[in-house]
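S.K.: Got a structure for you, structure_6.txt, holding compact mmCIF, C-alpha atoms and all ligand atoms.
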```
# COMPACT_ATOMS: atom_id res chain seq x y z
CA MET A 1 89.16 128.43 168.32
CA ARG A 2 88.41 129.51 171.88
CA ILE A 3 84.68 130.09 172.00
CA GLY A 4 83.42 132.19 174.90
CA ILE A 5 79.85 131.57 176.03
CA ASP A 6 77.96 133.73 178.50
CA VAL A 7 75.61 132.11 181.03
CA ASP A 8 72.72 134.38 182.08
CA GLY A 9 70.42 135.21 179.20
CA VAL A 10 72.19 132.67 176.96
CA ILE A 11 71.98 129.28 178.65
CA ARG A 12 70.43 130.09 182.04
CA ASP A 13 67.05 131.78 182.45
CA PHE A 14 67.93 134.11 185.30
CA ILE A 15 65.06 136.52 184.56
CA THR A 16 62.32 133.90 184.97
CA ALA A 17 63.88 132.71 188.23
CA PHE A 18 64.10 136.31 189.45
CA LYS A 19 60.48 136.98 188.46
CA SER A 20 59.25 133.94 190.33
CA VAL A 21 61.10 135.04 193.50
CA VAL A 22 59.51 138.48 193.20
CA GLY A 23 56.08 136.92 192.58
CA GLN A 24 56.37 134.88 195.76
CA GLU A 25 58.08 137.34 198.03
CA TYR A 26 56.81 140.69 196.76
CA PRO A 27 53.33 139.87 195.42
CA ASN A 28 52.39 143.52 195.04
CA ALA A 29 55.28 144.29 192.69
CA LYS A 30 54.29 144.13 189.03
CA ILE A 31 56.76 142.83 186.47
CA PRO A 32 56.03 143.10 182.76
CA GLU A 33 55.70 139.87 180.77
CA SER A 34 58.56 140.73 178.45
CA ILE A 35 61.65 142.61 179.52
CA SER A 36 62.18 145.48 177.09
CA THR A 37 65.46 146.90 178.25
CA TRP A 38 68.87 145.55 179.20
CA LYS A 39 68.47 147.38 182.50
CA PHE A 40 65.54 145.20 183.54
CA GLU A 41 65.39 147.13 186.83
CA ASP A 42 63.83 149.95 184.82
CA ASP A 43 60.89 147.71 183.86
CA ILE A 44 60.05 146.99 187.50
CA THR A 45 58.76 150.26 188.85
CA ASP A 46 57.36 148.92 192.13
CA LEU A 47 60.77 148.04 193.55
CA SER A 48 63.77 150.31 193.92
CA ARG A 49 67.07 149.51 192.24
CA GLU A 50 68.55 148.77 195.66
CA GLU A 51 65.74 146.37 196.54
CA ILE A 52 66.14 144.56 193.23
CA LYS A 53 69.90 144.18 193.67
CA GLU A 54 69.39 142.97 197.21
CA ILE A 55 66.96 140.30 195.96
CA TYR A 56 69.27 138.69 193.43
CA LYS A 57 72.64 139.45 194.98
CA GLU A 58 71.86 138.69 198.61
CA LYS A 59 68.48 137.56 199.91
CA PHE A 60 67.51 135.18 197.10
CA CYS A 61 70.74 134.66 195.17
CA LYS A 62 70.49 130.88 195.47
CA GLN A 63 67.00 130.86 193.92
CA CYS A 64 68.02 133.27 191.17
CA PHE A 65 71.24 131.51 190.16
CA GLN A 66 71.64 127.97 191.43
CA GLU A 67 67.96 127.09 191.06
CA ALA A 68 67.28 128.94 187.79
CA LEU A 69 66.39 126.71 184.87
CA PRO A 70 68.30 126.46 181.62
CA PHE A 71 66.61 127.76 178.48
CA SER A 72 64.92 125.01 176.53
CA GLU A 73 67.38 123.16 174.25
CA ALA A 74 70.38 124.93 175.83
CA VAL A 75 71.68 121.90 177.74
CA PRO A 76 71.51 119.29 174.94
CA ALA A 77 72.85 121.93 172.52
CA PHE A 78 75.81 122.55 174.82
CA TRP A 79 76.52 118.81 174.98
CA THR A 80 76.46 118.68 171.19
CA LEU A 81 78.85 121.64 171.07
CA GLU A 82 81.17 119.91 173.53
CA LYS A 83 81.46 116.90 171.20
CA TRP A 84 81.88 119.11 168.14
CA ALA A 85 84.55 121.22 169.87
CA GLU A 86 86.48 118.16 170.94
CA ARG A 87 86.33 116.70 167.45
CA GLU A 88 87.33 119.94 165.71
CA GLY A 89 89.93 121.13 168.22
CA HIS A 90 87.92 124.06 169.58
CA GLU A 91 87.53 125.02 173.23
CA LEU A 92 84.30 126.07 174.93
CA ILE A 93 84.97 128.71 177.57
CA ILE A 94 82.26 129.94 179.91
CA VAL A 95 82.69 133.71 180.39
CA THR A 96 80.31 135.00 183.03
CA SER A 97 80.02 137.99 185.32
CA GLN A 98 79.19 136.95 188.88
CA ILE A 99 79.91 138.68 192.14
CA PRO A 100 82.70 136.84 193.97
CA ARG A 101 80.68 135.41 196.86
CA ASN A 102 78.01 134.01 194.52
CA ARG A 103 80.31 132.38 191.97
CA HIS A 104 79.86 128.93 193.46
CA TYR A 105 76.18 128.99 192.47
CA THR A 106 77.13 129.20 188.82
CA LEU A 107 79.79 126.51 189.17
CA SER A 108 77.32 124.15 190.82
CA TRP A 109 74.68 125.06 188.25
CA LEU A 110 77.02 124.00 185.45
CA GLY A 111 77.71 120.76 187.30
CA LYS A 112 74.03 120.13 187.93
CA TYR A 113 73.38 120.09 184.18
CA ASN A 114 76.54 118.16 183.40
CA LEU A 115 78.03 121.01 181.38
CA ASN A 116 81.77 120.61 180.96
CA PRO A 117 83.46 123.61 179.40
CA LYS A 118 87.21 123.64 178.97
CA GLN A 119 87.42 126.62 181.31
CA VAL A 120 85.22 128.97 183.35
CA ILE A 121 86.20 132.63 183.43
CA PHE A 122 84.56 135.12 185.77
CA ALA A 123 84.84 138.56 184.21
CA LYS A 124 82.80 141.72 184.44
CA GLY A 125 80.78 142.24 181.28
CA LYS A 126 82.63 145.32 180.12
CA TYR A 127 85.95 143.49 180.45
CA LYS A 128 84.99 140.27 178.70
CA TRP A 129 86.66 141.53 175.51
CA ILE A 130 90.05 141.35 177.23
CA GLU A 131 89.84 137.61 177.75
CA ASP A 132 91.73 135.16 175.57
CA ILE A 133 88.79 134.09 173.41
CA ASP A 134 88.18 134.20 169.66
CA TYR A 135 84.39 134.48 169.83
CA LEU A 136 81.92 135.61 172.46
CA ILE A 137 78.27 134.54 172.48
CA ASP A 138 76.48 137.00 174.74
CA ASP A 139 73.14 138.77 175.15
CA SER A 140 74.37 142.07 176.57
CA PRO A 141 74.34 145.33 174.59
CA VAL A 142 76.92 146.73 177.01
CA ASN A 143 79.31 143.83 176.50
CA HIS A 144 78.85 144.19 172.75
CA LYS A 145 79.67 147.89 172.91
CA TYR A 146 82.95 147.29 174.75
CA TRP A 147 83.88 144.40 172.44
CA VAL A 148 83.45 146.42 169.23
CA GLU A 149 85.17 149.47 170.70
CA ASN A 150 88.23 147.51 171.73
CA ARG A 151 88.73 144.54 169.46
CA GLU A 152 89.75 144.21 165.85
CA ASP A 153 87.59 141.12 165.37
CA LYS A 154 84.36 143.06 165.91
CA ASP A 155 82.27 140.52 164.02
CA ASN A 156 83.25 137.76 166.42
CA PHE A 157 80.75 138.97 168.99
CA ILE A 158 77.74 136.73 168.40
CA VAL A 159 74.56 138.24 169.80
CA PHE A 160 72.18 135.82 171.43
CA ASP A 161 68.79 137.20 170.38
CA ARG A 162 66.60 138.51 173.21
CA SER A 163 63.77 141.03 173.52
CA TYR A 164 66.09 143.54 175.20
CA ASN A 165 68.94 143.45 172.67
CA LYS A 166 67.14 143.98 169.36
CA ASP A 167 69.00 147.27 168.85
CA ILE A 168 72.46 145.70 168.69
CA GLU A 169 73.79 145.86 165.16
CA SER A 170 75.96 142.83 164.67
CA LYS A 171 76.92 140.58 161.81
CA HIS A 172 75.93 137.55 163.83
CA ARG A 173 72.70 137.11 165.77
CA ILE A 174 71.59 133.64 166.81
CA ASN A 175 68.63 132.16 168.67
CA HIS A 176 70.00 128.63 169.10
CA LEU A 177 73.41 127.63 170.42
CA LEU A 178 74.01 125.16 167.60
CA GLN A 179 74.19 128.06 165.16
CA ILE A 180 77.63 128.75 166.63
CA LYS A 181 79.04 125.80 164.69
CA GLU A 182 78.13 127.26 161.33
CA ILE A 183 79.55 130.70 162.16
CA VAL A 184 82.85 129.32 163.43
CA GLU A 185 83.16 126.90 160.53
CA ARG A 186 82.56 129.64 157.97
CA GLY A 187 85.24 131.71 159.73
MG MG B 1 74.14 137.54 179.80
```
Once you've parsed the file, please lay out its structure as structure tokens.
Ligand SMILES: [Mg+2]
M.R.:
Amino acid sequence: MRIGIDVDGVIRDFITAFKSVVGQEYPNAKIPESISTWKFEDDITDLSREEIKEIYKEKFCKQCFQEALPFSEAVPAFWTLEKWAEREGHELIIVTSQIPRNRHYTLSWLGKYNLNPKQVIFAKGKYKWIEDIDYLIDDSPVNHKYWVENREDKDNFIVFDRSYNKDIESKHRINHLLQIKEIVERG
């Protein structure tokens, strides 16, 4: 099986990195402890949408992407999945949406943590369903919507559980990467 795995919100903690940049550079802007909505920009009322985009896409993209930390357990879990995939004949494919000029930050981030997927695909979230993958592990309600609208294998979208995606109705919802093994093995 070709198993697609998203990066931000699944293995990399972009939001915490973004919050720490805002805390340092925009100390007067308040950010709630827990992000309640997929459009996290809506939770940050002290900064405009344009300012927020400028922070993570331009001014502080390195801090938000290359220097962001992995979620706890994500790196050793990925290594375990790599061994499992190799043994069982599966392929781990990173499927991540990054703007073209910032893609290298994600590639070097994967290298920094010694993560070795079979392939890295850069695809906009709403088009991830088009890619040649059998499963997608992702935290985005939008990506889920497009997957179920367009694919026959609707249940093969595995939601990675986060505060902002509780409303997604899906057969599979996980909070640890190793749970992928069980789902794929059950078929
Ligand atoms: Mg994501």
S.K.: Residues contacting ligand MG 1 (chain B) - anything with an atom at most 9 Å away, using all atoms listed in the file - can you give me those as a PyMOL selection string?
M.R.: chain A and resi 6-12+14+96-97+125+137-140+143+160
S.K.: Looking at all atoms listed in the file, which of A:Lys39, A:Ile5, A:Val142, A:Asp161 is the one that sits closest to A:Leu115?
M.R.: A:Ile5
S.K.: Just give me the gap between atom CA of A:Asp43 and atom CA of A:Ala17 in Å, one decimal is fine.
M.R.: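 Atom CA of A:Asp43 sits 15.9 Å away from atom CA of A:Ala17.
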S.K.: Would you tabulate, counting only C-alpha atoms, all residues of stretch 130-163 of chain A that have an atom at most 12 Å from an atom of stretch 69-93 of chain A, showing the closest pair of atoms and their distance in Å to one decimal, sorted by chain then ascending number, as a tab-separated table?
M.R.:
```
residue	atom	partner	partner_atom	distance
A:Glu131	CA	A:Ile93	CA	10.1
A:Asp132	CA	A:Ile93	CA	9.6
A:Ile133	CA	A:Ile93	CA	7.8
A:Asp134	CA	A:Glu91	CA	9.9
A:Tyr135	CA	A:Ile93	CA	9.7
A:Leu136	CA	A:Ile93	CA	9.1
A:Ile137	CA	A:Ile93	CA	10.2
A:Phe160	CA	A:Ala74	CA	11.9
A:Arg162	CA	A:Phe71	CA	12.0
```
S.K.: Grab the atom CA of A:Lys154 to atom CA of A:Ile15 distance for me, in Å with one decimal place.
M.R.: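 Atom CA of A:Lys154 sits 27.6 Å away from atom CA of A:Ile15.
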S.K.: One number please: atom CA of A:Gln119 to atom CA of A:Ile94, in Å, one decimal.
M.R.: 6.3 Å
S.K.: Would you please work out which residue, of A:Ile52, A:Ala68, A:Val184, A:Leu177, is nearest to A:Glu25 when using all atoms listed in the file?
M.R.: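 Distance minimum relative to A:Glu25 lands on A:Ile52.
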S.K.: Need the shell around A:His104: protein/DNA/RNA residues with any atom at most 10 Å away, counting all atoms listed in the file. Skip same-chain ones fewer than 6 positions apart. Format as a ChimeraX atom specification?
M.R.: /A:62,65-66,98,110
S.K.: Kindly indicate which residue among A:Gln179, A:Val148, A:Lys171, A:Glu51 lies nearest to A:Tyr26, using only C-alpha atoms for the distances.
M.R.: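 Closest to A:Tyr26, using only C-alpha atoms: A:Glu51.
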